[in-house]
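Novice: For reference, this is my_file05.pdb, and it has PDB, C-alpha atoms.
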ATOM      1  CA  MET E 288     -65.637 -35.617  52.199
ATOM      2  CA  LYS E 289     -64.538 -32.032  51.902
ATOM      3  CA  LYS E 290     -61.069 -32.984  53.162
ATOM      4  CA  VAL E 291     -60.769 -35.721  50.512
ATOM      5  CA  PHE E 292     -61.677 -33.197  47.801
ATOM      6  CA  ILE E 293     -58.957 -30.787  48.935
ATOM      7  CA  ILE E 294     -56.328 -33.558  48.945
ATOM      8  CA  ALA E 295     -57.367 -34.665  45.446
ATOM      9  CA  THR E 296     -57.110 -31.077  44.182
ATOM     10  CA  VAL E 297     -53.590 -30.683  45.576
ATOM     11  CA  ILE E 298     -52.507 -33.990  44.000
ATOM     12  CA  LEU E 299     -53.887 -32.933  40.610
ATOM     13  CA  PHE E 300     -52.128 -29.593  40.877
ATOM     14  CA  PHE E 301     -48.774 -31.263  41.534
ATOM     15  CA  LEU E 302     -49.359 -33.700  38.662
ATOM     16  CA  PHE E 303     -49.991 -30.749  36.375
ATOM     17  CA  ILE E 304     -46.719 -29.110  37.483
ATOM     18  CA  VAL E 305     -44.760 -32.347  36.886
ATOM     19  CA  ILE E 306     -46.255 -32.809  33.390
ATOM     20  CA  PHE E 307     -45.497 -29.174  32.517
ATOM     21  CA  ILE E 308     -41.860 -29.472  33.632
ATOM     22  CA  VAL E 309     -41.314 -32.757  31.755
ATOM     23  CA  THR E 310     -42.829 -31.302  28.564
ATOM     24  CA  ARG E 311     -40.652 -28.174  28.677
ATOM     25  CA  THR E 312     -37.555 -30.258  29.344
ATOM     26  CA  LYS E 313     -38.219 -32.425  26.276
ATOM     27  CA  LYS E 314     -38.786 -29.378  24.089
ATOM     28  CA  SER E 315     -35.587 -27.817  25.380
ATOM     29  CA  ALA E 316     -33.659 -31.012  24.701
ATOM     30  CA  ILE E 317     -35.011 -31.188  21.162
ATOM     31  CA  SER E 318     -34.175 -27.538  20.597
ATOM     32  CA  ASN E 319     -30.651 -27.983  21.916
ATOM     33  CA  GLN E 320     -30.179 -31.044  19.765
ATOM     34  CA  GLN E 321     -31.252 -29.116  16.683
ATOM     35  CA  LEU E 322     -28.872 -26.290  17.544
ATOM     36  CA  THR E 323     -26.042 -28.756  17.993
ATOM     37  CA  ILE E 324     -26.700 -30.285  14.598
ATOM     38  CA  THR E 325     -26.761 -26.847  12.976
ATOM     39  CA  SER E 326     -23.587 -25.670  14.658
ATOM     40  CA  THR E 327     -21.548 -28.676  13.533
ATOM     41  CA  THR E 328     -22.311 -28.324   9.831
ATOM     42  CA  VAL E 329     -19.613 -26.983   7.498
ATOM     43  CA  PRO E 330     -19.603 -23.147   7.640
ATOM     44  CA  LEU E 331     -21.458 -21.707   4.694
ATOM     45  CA  GLU E 332     -18.607 -19.469   3.618
ATOM     46  CA  GLN E 333     -16.376 -22.444   2.863
ATOM     47  CA  LYS E 334     -18.662 -23.879   0.226
ATOM     48  CA  PRO E 335     -19.025 -21.067  -2.346
ATOM     49  CA  ILE E 336     -15.281 -20.462  -2.645
ATOM     50  CA  ASN E 337     -14.635 -24.134  -3.443
ATOM     51  CA  ASN E 338     -17.490 -24.249  -5.932
ATOM     52  CA  LEU E 339     -16.179 -21.068  -7.517
ATOM     53  CA  LYS E 340     -12.844 -22.693  -8.321
ATOM     54  CA  SER E 341     -14.536 -25.366 -10.418
ATOM     55  CA  SER E 342     -17.164 -23.098 -11.987
ATOM     56  CA  SER E 343     -14.877 -20.282 -13.163
ATOM     57  CA  PRO E 344     -14.354 -18.427 -15.411
ATOM     58  CA  ILE E 345     -17.231 -16.072 -14.621
ATOM     59  CA  GLU E 346     -17.649 -13.044 -16.842
ATOM     60  CA  THR E 347     -19.858  -9.945 -16.732
ATOM     61  CA  ASP E 348     -19.827  -6.705 -18.683
ATOM     62  CA  ASP E 349     -17.528  -5.185 -16.032
ATOM     63  CA  PHE E 350     -15.145  -7.945 -14.982
ATOM     64  CA  LYS E 351     -13.971 -11.488 -15.651
ATOM     65  CA  LEU E 352     -12.999 -13.821 -12.797
ATOM     66  CA  GLU E 353     -10.919 -16.930 -13.403
ATOM     67  CA  TYR E 354      -9.250 -19.411 -11.056
ATOM     68  CA  LEU E 355      -5.598 -20.175 -11.868
ATOM     69  CA  PRO E 356      -4.575 -23.578 -10.403
ATOM     70  CA  GLU E 357      -0.871 -22.915 -10.992
ATOM     71  CA  THR E 358      -0.933 -19.993  -8.528
ATOM     72  CA  ASP E 359      -3.962 -21.133  -6.502
ATOM     73  CA  LYS E 360      -5.370 -17.638  -6.934
ATOM     74  CA  PHE E 361      -8.238 -15.932  -8.711
ATOM     75  CA  GLN E 362      -7.445 -13.438 -11.434
ATOM     76  CA  VAL E 363      -9.958 -10.634 -11.907
ATOM     77  CA  GLU E 364      -9.758  -8.783 -15.198
ATOM     78  CA  LEU E 365     -11.310  -5.323 -14.800
ATOM     79  CA  LYS E 366     -13.066  -4.527 -18.087
ATOM     80  CA  THR E 367     -14.578  -1.149 -17.170
ATOM     81  CA  ASP E 368     -13.962   1.698 -14.713
ATOM     82  CA  GLN E 369     -16.715   0.187 -12.565
ATOM     83  CA  GLY E 370     -15.142  -3.261 -12.651
ATOM     84  CA  TYR E 371     -13.712  -3.236  -9.151
ATOM     85  CA  ASP E 372     -16.929  -1.981  -7.524
ATOM     86  CA  GLN E 373     -19.025  -4.462  -9.481
ATOM     87  CA  PHE E 374     -16.717  -7.324  -8.503
ATOM     88  CA  THR E 375     -16.976  -6.296  -4.836
ATOM     89  CA  SER E 376     -20.780  -6.256  -4.991
ATOM     90  CA  TRP E 377     -20.797  -9.605  -6.792
ATOM     91  CA  ALA E 378     -18.547 -11.178  -4.132
ATOM     92  CA  TYR E 379     -20.907 -10.152  -1.331
ATOM     93  CA  GLU E 380     -23.993 -11.324  -3.205
ATOM     94  CA  ASN E 381     -22.371 -14.716  -3.855
ATOM     95  CA  GLN E 382     -21.244 -15.282  -0.238
ATOM     96  CA  THR E 383     -17.532 -14.936  -0.992
ATOM     97  CA  PRO E 384     -16.500 -11.786   0.926
ATOM     98  CA  GLU E 385     -13.100 -13.364   1.557
ATOM     99  CA  LEU E 386     -12.217 -12.443  -2.040
ATOM    100  CA  ILE E 387     -12.484  -8.718  -1.310
ATOM    101  CA  GLU E 388      -9.145  -6.950  -0.863
ATOM    102  CA  ASN E 389      -7.371 -10.234  -0.218
ATOM    103  CA  SER E 390      -4.098 -10.345  -2.149
ATOM    104  CA  ASP E 391      -3.518 -13.917  -0.983
ATOM    105  CA  LEU E 392      -6.534 -15.043  -3.015
ATOM    106  CA  VAL E 393      -7.068 -12.451  -5.741
ATOM    107  CA  GLU E 394      -4.953 -10.505  -8.204
ATOM    108  CA  PHE E 395      -6.269  -7.891 -10.602
ATOM    109  CA  SER E 396      -5.429  -7.006 -14.171
ATOM    110  CA  GLU E 397      -6.546  -4.628 -16.888
ATOM    111  CA  PRO E 398      -7.890  -6.052 -20.180
ATOM    112  CA  GLY E 399      -5.058  -7.610 -22.181
ATOM    113  CA  GLN E 400      -2.471  -6.919 -19.482
ATOM    114  CA  GLY E 401      -0.702  -8.957 -16.846
ATOM    115  CA  LEU E 402      -1.502  -8.953 -13.157
ATOM    116  CA  SER E 403      -1.364  -5.601 -11.402
ATOM    117  CA  ILE E 404      -1.841  -4.158  -7.938
ATOM    118  CA  THR E 405      -5.258  -3.941  -6.343
ATOM    119  CA  PRO E 406      -7.010  -0.715  -7.386
ATOM    120  CA  THR E 407      -8.182   1.870  -4.877
ATOM    121  CA  PRO E 408     -11.694   0.849  -3.750
ATOM    122  CA  SER E 409     -14.621   3.230  -3.495
ATOM    123  CA  PHE E 410     -16.411   3.410  -0.183
ATOM    124  CA  ASN E 411     -18.536   0.685   1.332
ATOM    125  CA  PRO E 412     -19.185   0.930   5.096
ATOM    126  CA  LEU E 413     -18.463  -2.745   5.714
ATOM    127  CA  ILE E 414     -15.374  -2.710   3.511
ATOM    128  CA  GLU E 415     -14.121   0.444   5.216
ATOM    129  CA  PHE E 416     -14.519  -1.239   8.594
ATOM    130  CA  LEU E 417     -12.646  -4.296   7.316
ATOM    131  CA  ASN E 418      -9.968  -2.068   5.801
ATOM    132  CA  ILE E 419      -8.808  -1.061   9.262
ATOM    133  CA  PHE E 420      -7.951  -4.661  10.083
ATOM    134  CA  LEU E 421      -6.859  -5.719   6.597
ATOM    135  CA  ASN E 422      -4.452  -2.755   6.313
ATOM    136  CA  PHE E 423      -5.956  -1.109   3.253
ATOM    137  CA  GLY E 424      -7.637   2.244   2.634
ATOM    138  CA  GLN E 425      -5.778   4.062  -0.100
ATOM    139  CA  GLY E 426      -5.803   7.657  -1.218
ATOM    140  CA  VAL E 427      -6.230   9.131  -4.661
ATOM    141  CA  VAL E 428      -4.237   8.142  -7.718
ATOM    142  CA  LEU E 429      -3.945  10.747 -10.474
ATOM    143  CA  GLU E 430      -2.740   9.120 -13.687
ATOM    144  CA  ASN E 431      -2.126  12.513 -15.247
ATOM    145  CA  PRO E 432      -2.690  15.696 -13.262
ATOM    146  CA  SER E 433      -4.028  17.467 -16.333
ATOM    147  CA  SER E 434      -6.305  14.665 -17.528
ATOM    148  CA  THR E 435      -9.929  13.832 -16.826
ATOM    149  CA  ASN E 436      -8.737  11.034 -14.526
ATOM    150  CA  GLU E 437      -7.881  13.511 -11.787
ATOM    151  CA  LEU E 438     -10.161  14.660  -9.013
ATOM    152  CA  PRO E 439     -13.139  16.531 -10.488
ATOM    153  CA  ASN E 440     -13.020  20.317 -10.241
ATOM    154  CA  GLN E 441     -16.592  21.133  -9.294
ATOM    155  CA  LEU E 442     -17.498  24.801  -9.387
ATOM    156  CA  PRO E 443     -17.657  26.535  -6.002
ATOM    157  CA  ASN E 444     -21.038  26.789  -4.315
ATOM    158  CA  PRO E 445     -21.574  30.530  -3.617
ATOM    159  CA  SER E 446     -23.730  29.805  -0.555
ATOM    160  CA  PHE E 447     -20.611  28.870   1.419
ATOM    161  CA  SER E 448     -18.020  31.279   2.762
ATOM    162  CA  LEU E 449     -14.841  31.598   0.725
ATOM    163  CA  ASN E 450     -13.137  33.902   3.229
ATOM    164  CA  PRO E 451     -10.751  31.737   5.242
ATOM    165  CA  PRO E 452      -9.869  32.390   8.864
ATOM    166  CA  SER E 453      -6.401  33.801   9.374
ATOM    167  CA  SER E 454      -3.758  31.115   9.562
ATOM    168  CA  SER E 455       0.002  30.802   9.220
ATOM    169  CA  LEU E 456       0.510  27.040   9.261
ATOM    170  CA  ALA E 457       2.856  25.283   6.851
ATOM    171  CA  TYR E 458       1.145  24.323   3.581
ATOM    172  CA  TYR E 459       2.483  21.766   1.095
ATOM    173  CA  ALA E 460       0.855  21.414  -2.320
ATOM    174  CA  GLN E 461       1.400  17.982  -3.790
ATOM    175  CA  CYS E 462       1.636  19.395  -7.323
ATOM    176  CA  ASN E 463       3.308  22.779  -6.805
ATOM    177  CA  GLY E 464       6.958  22.618  -5.863
ATOM    178  CA  TYR E 465       6.960  18.986  -4.727
ATOM    179  CA  SER E 466       5.724  17.211  -7.860
ATOM    180  CA  ASN E 467       9.318  16.199  -8.675
ATOM    181  CA  ILE E 468       9.403  13.841  -5.677
ATOM    182  CA  SER E 469       9.454  10.333  -7.131
ATOM    183  CA  LEU E 470       7.270   7.609  -5.669
ATOM    184  CA  PRO E 471       7.569   3.847  -6.180
ATOM    185  CA  SER E 472       5.890   2.232  -9.196
ATOM    186  CA  GLY E 473       6.777   5.133 -11.482
ATOM    187  CA  CYS E 474       4.452   7.774 -10.030
ATOM    188  CA  ASN E 475       5.267  11.226  -8.727
ATOM    189  CA  PHE E 476       4.130  13.218  -5.716
ATOM    190  CA  CYS E 477       1.560  15.197  -7.707
ATOM    191  CA  GLN E 478      -0.167  12.023  -8.846
ATOM    192  CA  ALA E 479      -0.413  10.161  -5.545
ATOM    193  CA  GLY E 480       1.102  12.249  -2.763
ATOM    194  CA  CYS E 481      -1.924  13.612  -0.914
ATOM    195  CA  GLY E 482      -1.425  11.231   2.030
ATOM    196  CA  PRO E 483       2.219  12.013   2.858
ATOM    197  CA  ALA E 484       1.649  15.700   2.012
ATOM    198  CA  THR E 485      -1.097  15.835   4.629
ATOM    199  CA  VAL E 486       1.067  14.012   7.172
ATOM    200  CA  ALA E 487       3.873  16.502   6.449
ATOM    201  CA  MET E 488       1.615  19.494   7.148
ATOM    202  CA  ILE E 489       0.426  17.987  10.437
ATOM    203  CA  ALA E 490       3.958  17.067  11.522
ATOM    204  CA  SER E 491       5.233  20.538  10.596
ATOM    205  CA  LEU E 492       2.681  22.168  12.888
ATOM    206  CA  TYR E 493       3.465  20.084  15.930
ATOM    207  CA  LEU E 494       7.135  19.195  15.392
ATOM    208  CA  GLY E 495       8.625  21.790  13.050
ATOM    209  CA  THR E 496       9.031  22.366   9.330
ATOM    210  CA  ALA E 497      11.931  19.920   9.080
ATOM    211  CA  TYR E 498       9.179  17.368   8.436
ATOM    212  CA  ASP E 499       8.586  18.442   4.859
ATOM    213  CA  PRO E 500       7.106  16.143   2.158
ATOM    214  CA  GLN E 501      10.453  14.633   1.164
ATOM    215  CA  THR E 502      11.237  13.763   4.788
ATOM    216  CA  ILE E 503       7.830  12.134   5.228
ATOM    217  CA  VAL E 504       8.191  10.174   1.970
ATOM    218  CA  ASN E 505      11.565   8.911   3.198
ATOM    219  CA  LEU E 506       9.953   7.787   6.461
ATOM    220  CA  TYR E 507       7.152   6.001   4.574
ATOM    221  CA  GLN E 508       9.717   4.114   2.527
ATOM    222  CA  SER E 509      12.021   3.290   5.438
ATOM    223  CA  LYS E 510       9.095   1.711   7.270
ATOM    224  CA  GLY E 511       7.860  -0.219   4.241
ATOM    225  CA  TYR E 512       4.534   1.618   4.092
ATOM    226  CA  LEU E 513       2.485   1.473   0.902
ATOM    227  CA  LEU E 514       3.290   4.460  -1.278
ATOM    228  CA  GLY E 515       3.121   4.783  -5.040
ATOM    229  CA  CYS E 516       0.659   4.537  -7.906
ATOM    230  CA  GLY E 517      -1.740   2.698  -5.580
ATOM    231  CA  GLY E 518      -1.932   5.732  -3.306
ATOM    232  CA  SER E 519      -1.291   5.460   0.424
ATOM    233  CA  ARG E 520      -3.094   4.052   3.455
ATOM    234  CA  TYR E 521      -4.633   5.979   6.317
ATOM    235  CA  GLN E 522      -3.501   3.223   8.679
ATOM    236  CA  ASP E 523       0.109   3.997   7.741
ATOM    237  CA  ALA E 524      -0.463   7.721   8.228
ATOM    238  CA  LYS E 525      -1.843   7.079  11.714
ATOM    239  CA  ALA E 526       1.073   4.776  12.564
ATOM    240  CA  LEU E 527       3.649   7.317  11.362
ATOM    241  CA  LEU E 528       2.066  10.195  13.289
ATOM    242  CA  GLU E 529       2.158   8.060  16.420
ATOM    243  CA  PHE E 530       5.775   7.089  15.707
ATOM    244  CA  LEU E 531       6.608  10.806  15.631
ATOM    245  CA  GLY E 532       5.183  11.115  19.137
ATOM    246  CA  LEU E 533       1.779  12.607  18.318
ATOM    247  CA  LYS E 534      -1.505  11.492  19.851
ATOM    248  CA  THR E 535      -4.256  10.124  17.602
ATOM    249  CA  THR E 536      -7.870   9.143  18.125
ATOM    250  CA  ASP E 537      -9.559   5.960  17.050
ATOM    251  CA  TYR E 538     -10.778   5.841  13.464
ATOM    252  CA  LEU E 539     -13.894   7.950  12.922
ATOM    253  CA  ILE E 540     -15.835   6.099  10.220
ATOM    254  CA  TYR E 541     -18.401   7.945   8.083
ATOM    255  CA  SER E 542     -20.612   6.438   5.384
ATOM    256  CA  TYR E 543     -20.049   8.953   2.585
ATOM    257  CA  GLY E 544     -21.214  11.662   4.982
ATOM    258  CA  LYS E 545     -21.826  15.183   3.704
ATOM    259  CA  ALA E 546     -20.364  18.262   5.359
ATOM    260  CA  ASP E 547     -23.481  19.119   7.352
ATOM    261  CA  GLU E 548     -23.552  15.556   8.701
ATOM    262  CA  VAL E 549     -19.947  15.433   9.905
ATOM    263  CA  ALA E 550     -19.310  19.104  10.791
ATOM    264  CA  PRO E 551     -20.834  18.918  14.319
ATOM    265  CA  ASP E 552     -18.654  15.905  15.097
ATOM    266  CA  PHE E 553     -15.543  17.526  13.612
ATOM    267  CA  LYS E 554     -16.193  20.734  15.534
ATOM    268  CA  LYS E 555     -16.183  18.893  18.872
ATOM    269  CA  TYR E 556     -12.671  17.686  18.106
ATOM    270  CA  THR E 557     -11.277  20.954  16.735
ATOM    271  CA  ASP E 558     -12.767  22.896  19.664
ATOM    272  CA  SER E 559     -10.974  20.467  21.998
ATOM    273  CA  GLY E 560      -7.570  21.068  20.450
ATOM    274  CA  TRP E 561      -7.491  18.282  17.856
ATOM    275  CA  THR E 562      -6.918  18.632  14.121
ATOM    276  CA  LEU E 563      -8.154  15.953  11.729
ATOM    277  CA  PHE E 564      -6.448  13.800   9.105
ATOM    278  CA  VAL E 565      -9.308  13.095   6.683
ATOM    279  CA  LEU E 566     -10.062  10.720   3.814
ATOM    280  CA  ALA E 567     -12.945  11.863   1.596
ATOM    281  CA  SER E 568     -14.251  11.369  -1.943
ATOM    282  CA  PHE E 569     -14.894  14.082  -4.499
ATOM    283  CA  LYS E 570     -17.059  11.968  -6.747
ATOM    284  CA  GLN E 571     -19.816   9.458  -6.127
ATOM    285  CA  SER E 572     -17.604   6.410  -6.661
ATOM    286  CA  GLY E 573     -13.915   6.425  -5.774
ATOM    287  CA  GLY E 574     -11.825   9.572  -5.965
ATOM    288  CA  GLY E 575     -10.335   9.078  -2.491
ATOM    289  CA  HIS E 576      -8.334  12.096  -1.292
ATOM    290  CA  TYR E 577      -6.580  13.130   1.937
ATOM    291  CA  PHE E 578      -6.538  16.578   3.523
ATOM    292  CA  TRP E 579      -6.092  18.197   6.933
ATOM    293  CA  VAL E 580      -9.044  19.816   8.745
ATOM    294  CA  THR E 581      -7.865  22.560  11.080
ATOM    295  CA  GLU E 582     -11.086  24.379  11.966
ATOM    296  CA  VAL E 583     -14.888  24.168  11.804
ATOM    297  CA  ASP E 584     -16.707  27.466  12.292
ATOM    298  CA  GLU E 585     -20.124  28.203  13.798
ATOM    299  CA  GLU E 586     -21.791  27.988  10.366
ATOM    300  CA  GLY E 587     -20.449  24.475   9.806
ATOM    301  CA  ASN E 588     -17.796  25.470   7.265
ATOM    302  CA  ILE E 589     -15.010  22.881   7.277
ATOM    303  CA  TRP E 590     -11.661  24.648   6.802
ATOM    304  CA  ALA E 591      -8.794  22.503   5.627
ATOM    305  CA  TYR E 592      -5.244  22.499   4.332
ATOM    306  CA  ASP E 593      -5.904  20.583   1.126
ATOM    307  CA  PRO E 594      -2.730  19.483  -0.723
ATOM    308  CA  TYR E 595      -4.540  19.235  -4.066
ATOM    309  CA  TYR E 596      -7.545  21.549  -4.205
ATOM    310  CA  GLY E 597      -5.943  24.215  -2.066
ATOM    311  CA  ARG E 598      -2.924  24.788  -4.258
ATOM    312  CA  TYR E 599      -4.428  27.787  -6.078
ATOM    313  CA  SER E 600      -5.514  29.756  -3.006
ATOM    314  CA  ASP E 601      -4.268  30.862   0.386
ATOM    315  CA  PRO E 602      -4.966  28.193   2.999
ATOM    316  CA  PRO E 603      -7.130  27.082   4.616
ATOM    317  CA  LEU E 604      -9.688  26.075   1.992
ATOM    318  CA  ASN E 605     -13.417  25.798   2.685
ATOM    319  CA  GLU E 606     -14.115  22.162   1.764
ATOM    320  CA  ASN E 607     -17.850  22.956   1.710
ATOM    321  CA  MET E 608     -17.394  25.061  -1.407
ATOM    322  CA  ARG E 609     -18.101  22.024  -3.623
ATOM    323  CA  TYR E 610     -21.064  20.760  -1.600
ATOM    324  CA  PRO E 611     -22.446  18.067  -1.623
ATOM    325  CA  PHE E 612     -18.817  17.012  -2.115
ATOM    326  CA  PRO E 613     -16.573  15.941  -0.589
ATOM    327  CA  LEU E 614     -18.201  12.865   0.897
ATOM    328  CA  TYR E 615     -16.404  11.998   4.125
ATOM    329  CA  ARG E 616     -15.166   8.452   4.728
ATOM    330  CA  VAL E 617     -12.597   8.348   7.553
ATOM    331  CA  ALA E 618     -11.091  10.870   9.963
ATOM    332  CA  ILE E 619      -8.346  10.622  12.587
ATOM    333  CA  GLY E 620      -7.914  13.227  15.300
ATOM    334  CA  VAL E 621      -4.323  14.357  15.905
ATOM    335  CA  LYS E 622      -2.658  16.556  18.541
ATOM    336  CA  LYS E 623       0.619  16.799  20.429
TER
END
Just give me the structure as structure tokens.
Specialist:
Amino acid sequence: MKKVFIIATVILFFLFIVIFIVTRTKKSAISNQQLTITSTTVPLEQKPINNLKSSSPIETDDFKLEYLPETDKFQVELKTDQGYDQFTSWAYENQTPELIENSDLVEFSEPGQGLSITPTPSFNPLIEFLNIFLNFGQGVVLENPSSTNELPNQLPNPSFSLNPPSSSLAYYAQCNGYSNISLPSGCNFCQAGCGPATVAMIASLYLGTAYDPQTIVNLYQSKGYLLGCGGSRYQDAKALLEFLGLKTTDYLIYSYGKADEVAPDFKKYTDSGWTLFVLASFKQSGGGHYFWVTEVDEEGNIWAYDPYYGRYSDPPLNENMRYPFPLYRVAIGVKK
């Protein structure tokens, strides 16, 4: 009797195992089937863009978006200074990120004017990451160096050192002495030359002063790099420095980082023999500007050859003097 009981128990145990396995297999099959159905639906990002073509124009206080069938493009009329940033935010919220910085789909214009080039975007971490692959990332554009459109001149913060370390590197001010260099689209070097000016200073250190701003501008143009009223791109600066035989790091991406946030990272590079080509902003939205970081001291002061702000003082300039500005966006390490 006892033996029969043991056999019955074993049989029941095996039946339980079989039922458990069959049940799990069915659930797995159902789950896989559901996943298959989901994965074969039309991608979500394809729907909003098609709907947008039929539902435009769309207008806000800052911009107006309209689809033009004759060009198969969207025209975005920027109505305010915040128009570009507001359009970018709107595109993300409405599941149409493919409209952002895509000249194949979107063209921009000012109110009452024809189509124009894409304006310089302010920083967004995701956009900045995409910029690297979409070949954007422009520097500052100064419509008039003496107007309120230029980079803001914040008063120095007395808590930061204004006594620069000794240095004898070549310095090129984009507005003093080189402002007569003409750039495409009717701009001059003072208005939009911070990128090539910074490249010229770096190249002069490692390769000699023959690489002055005019030489660098000529190289930009011969290679078809973006240069003009739209500013310049840090991707082009990196490519040109590498073309000249210099070593560069990967892009160091910062989300509007303040000096005390980026200084430890910068110092590791400068202490290891690198200098840094930097893109930063001197106002909360936009105001992109390039300069060259040559040293970071023990107190976290970031010393730079700044082609715009440094033109009234002996270089290098303490970029921390306008803290909390600049806000750091991208840096590229450079050395020979």
Novice: Could you tell me which of E:Ala487, E:Val363, E:Ala479, E:Ile619 comes closest to E:Tyr458 if we count all atoms listed in the file?
Specialist: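 Closest residue, counting all atoms listed in the file: E:Ala487.
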Novice: Report as a PDB file with C-alpha atoms, keeping the file's coordinate frame the full result of the PyMOL selection byres ((chain E and resi 545) around 12) when it is applied to this structure.
Specialist:
ATOM      1  CA  TYR E 541     -18.401   7.945   8.083  1.00  0.00           C
ATOM      2  CA  SER E 542     -20.612   6.438   5.384  1.00  0.00           C
ATOM      3  CA  TYR E 543     -20.049   8.953   2.585  1.00  0.00           C
ATOM      4  CA  GLY E 544     -21.214  11.662   4.982  1.00  0.00           C
ATOM      5  CA  ALA E 546     -20.364  18.262   5.359  1.00  0.00           C
ATOM      6  CA  ASP E 547     -23.481  19.119   7.352  1.00  0.00           C
ATOM      7  CA  GLU E 548     -23.552  15.556   8.701  1.00  0.00           C
ATOM      8  CA  VAL E 549     -19.947  15.433   9.905  1.00  0.00           C
ATOM      9  CA  ALA E 550     -19.310  19.104  10.791  1.00  0.00           C
ATOM     10  CA  PRO E 551     -20.834  18.918  14.319  1.00  0.00           C
ATOM     11  CA  ASP E 552     -18.654  15.905  15.097  1.00  0.00           C
ATOM     12  CA  PHE E 553     -15.543  17.526  13.612  1.00  0.00           C
ATOM     13  CA  ALA E 567     -12.945  11.863   1.596  1.00  0.00           C
ATOM     14  CA  SER E 568     -14.251  11.369  -1.943  1.00  0.00           C
ATOM     15  CA  PHE E 569     -14.894  14.082  -4.499  1.00  0.00           C
ATOM     16  CA  LYS E 570     -17.059  11.968  -6.747  1.00  0.00           C
ATOM     17  CA  GLN E 571     -19.816   9.458  -6.127  1.00  0.00           C
ATOM     18  CA  GLY E 587     -20.449  24.475   9.806  1.00  0.00           C
ATOM     19  CA  ASN E 588     -17.796  25.470   7.265  1.00  0.00           C
ATOM     20  CA  ILE E 589     -15.010  22.881   7.277  1.00  0.00           C
ATOM     21  CA  GLU E 606     -14.115  22.162   1.764  1.00  0.00           C
ATOM     22  CA  ASN E 607     -17.850  22.956   1.710  1.00  0.00           C
ATOM     23  CA  MET E 608     -17.394  25.061  -1.407  1.00  0.00           C
ATOM     24  CA  ARG E 609     -18.101  22.024  -3.623  1.00  0.00           C
ATOM     25  CA  TYR E 610     -21.064  20.760  -1.600  1.00  0.00           C
ATOM     26  CA  PRO E 611     -22.446  18.067  -1.623  1.00  0.00           C
ATOM     27  CA  PHE E 612     -18.817  17.012  -2.115  1.00  0.00           C
ATOM     28  CA  PRO E 613     -16.573  15.941  -0.589  1.00  0.00           C
ATOM     29  CA  LEU E 614     -18.201  12.865   0.897  1.00  0.00           C
ATOM     30  CA  TYR E 615     -16.404  11.998   4.125  1.00  0.00           C
ATOM     31  CA  ARG E 616     -15.166   8.452   4.728  1.00  0.00           C
TER      32      ARG E 616
END
Novice: Find, counting all atoms listed in the file, the residue in E:Ala457, E:Gly482, E:Gly370, E:Ile336 that gets nearest to E:Lys351.
Specialist: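 Among the listed residues, the smallest separation from E:Lys351 belongs to E:Gly370.
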Novice: So what do you get for atom CA of E:Thr536 versus atom CA of E:Tyr465, distance-wise?
Specialist: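 Calculated distance between atom CA of E:Thr536 and atom CA of E:Tyr465 is 29.0 Å.
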Novice: For atom CA of E:Tyr599 and atom CA of E:Gly464, quote the distance in Å rounded to one decimal.
Specialist: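 Here the two named atoms are 12.5 Å from each other.
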Novice: Could you please give me, as a list in words, the residues of protein, DNA or RNA lying at most 12 Å from (8.5, 3.2, -9.0) in the coordinate frame of the file, considering all atoms listed in the file?
Specialist: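 The answer, in the requested form, is Ile468, Ser469, Leu470, Pro471, Ser472, Gly473, Cys474, Asn475, Phe476, Ala479, Gln508, Leu513, Leu514, Gly515, Cys516 and Gly517 of chain E.
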Novice: Once you have the residues from the selection above, write them out as a PDB file, keeping the file's coordinate frame, restricted to C-alpha atoms.
Specialist:
ATOM      1  CA  ILE E 468       9.403  13.841  -5.677  1.00  0.00           C
ATOM      2  CA  SER E 469       9.454  10.333  -7.131  1.00  0.00           C
ATOM      3  CA  LEU E 470       7.270   7.609  -5.669  1.00  0.00           C
ATOM      4  CA  PRO E 471       7.569   3.847  -6.180  1.00  0.00           C
ATOM      5  CA  SER E 472       5.890   2.232  -9.196  1.00  0.00           C
ATOM      6  CA  GLY E 473       6.777   5.133 -11.482  1.00  0.00           C
ATOM      7  CA  CYS E 474       4.452   7.774 -10.030  1.00  0.00           C
ATOM      8  CA  ASN E 475       5.267  11.226  -8.727  1.00  0.00           C
ATOM      9  CA  PHE E 476       4.130  13.218  -5.716  1.00  0.00           C
ATOM     10  CA  ALA E 479      -0.413  10.161  -5.545  1.00  0.00           C
ATOM     11  CA  GLN E 508       9.717   4.114   2.527  1.00  0.00           C
ATOM     12  CA  LEU E 513       2.485   1.473   0.902  1.00  0.00           C
ATOM     13  CA  LEU E 514       3.290   4.460  -1.278  1.00  0.00           C
ATOM     14  CA  GLY E 515       3.121   4.783  -5.040  1.00  0.00           C
ATOM     15  CA  CYS E 516       0.659   4.537  -7.906  1.00  0.00           C
ATOM     16  CA  GLY E 517      -1.740   2.698  -5.580  1.00  0.00           C
TER      17      GLY E 517
END
Novice: Would you mind reading off the distance between atom CA of E:Gly560 and atom CA of E:Asn605, one decimal, in Å?
Specialist: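 Atom-to-atom, atom CA of E:Gly560 and atom CA of E:Asn605 are spaced 19.3 Å apart.
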Novice: Given all atoms listed in the file as the basis, pick out the residue of E:Asp349, E:Asp537, E:Asp593, E:Glu585 nearest to E:Ile489.
Specialist: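 Of E:Asp349, E:Asp537, E:Asp593, E:Glu585, the one nearest E:Ile489, counting all atoms listed in the file, is E:Asp593.
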Novice: Please provide as a PyMOL selection string all residues within 10 Å of E:Leu355, with the sequence filter that same-chain residues fewer than 3 positions apart are discarded (counting only C-alpha atoms).
Specialist: chain E and resi 340+343-344+352+358-362+393
Novice: Between E:Arg598, E:Lys554, E:Lys525, E:Arg520, single out the one closest to E:Gly575, counting all atoms listed in the file.
Specialist: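 Closest to E:Gly575, using all atoms listed in the file: E:Arg520.
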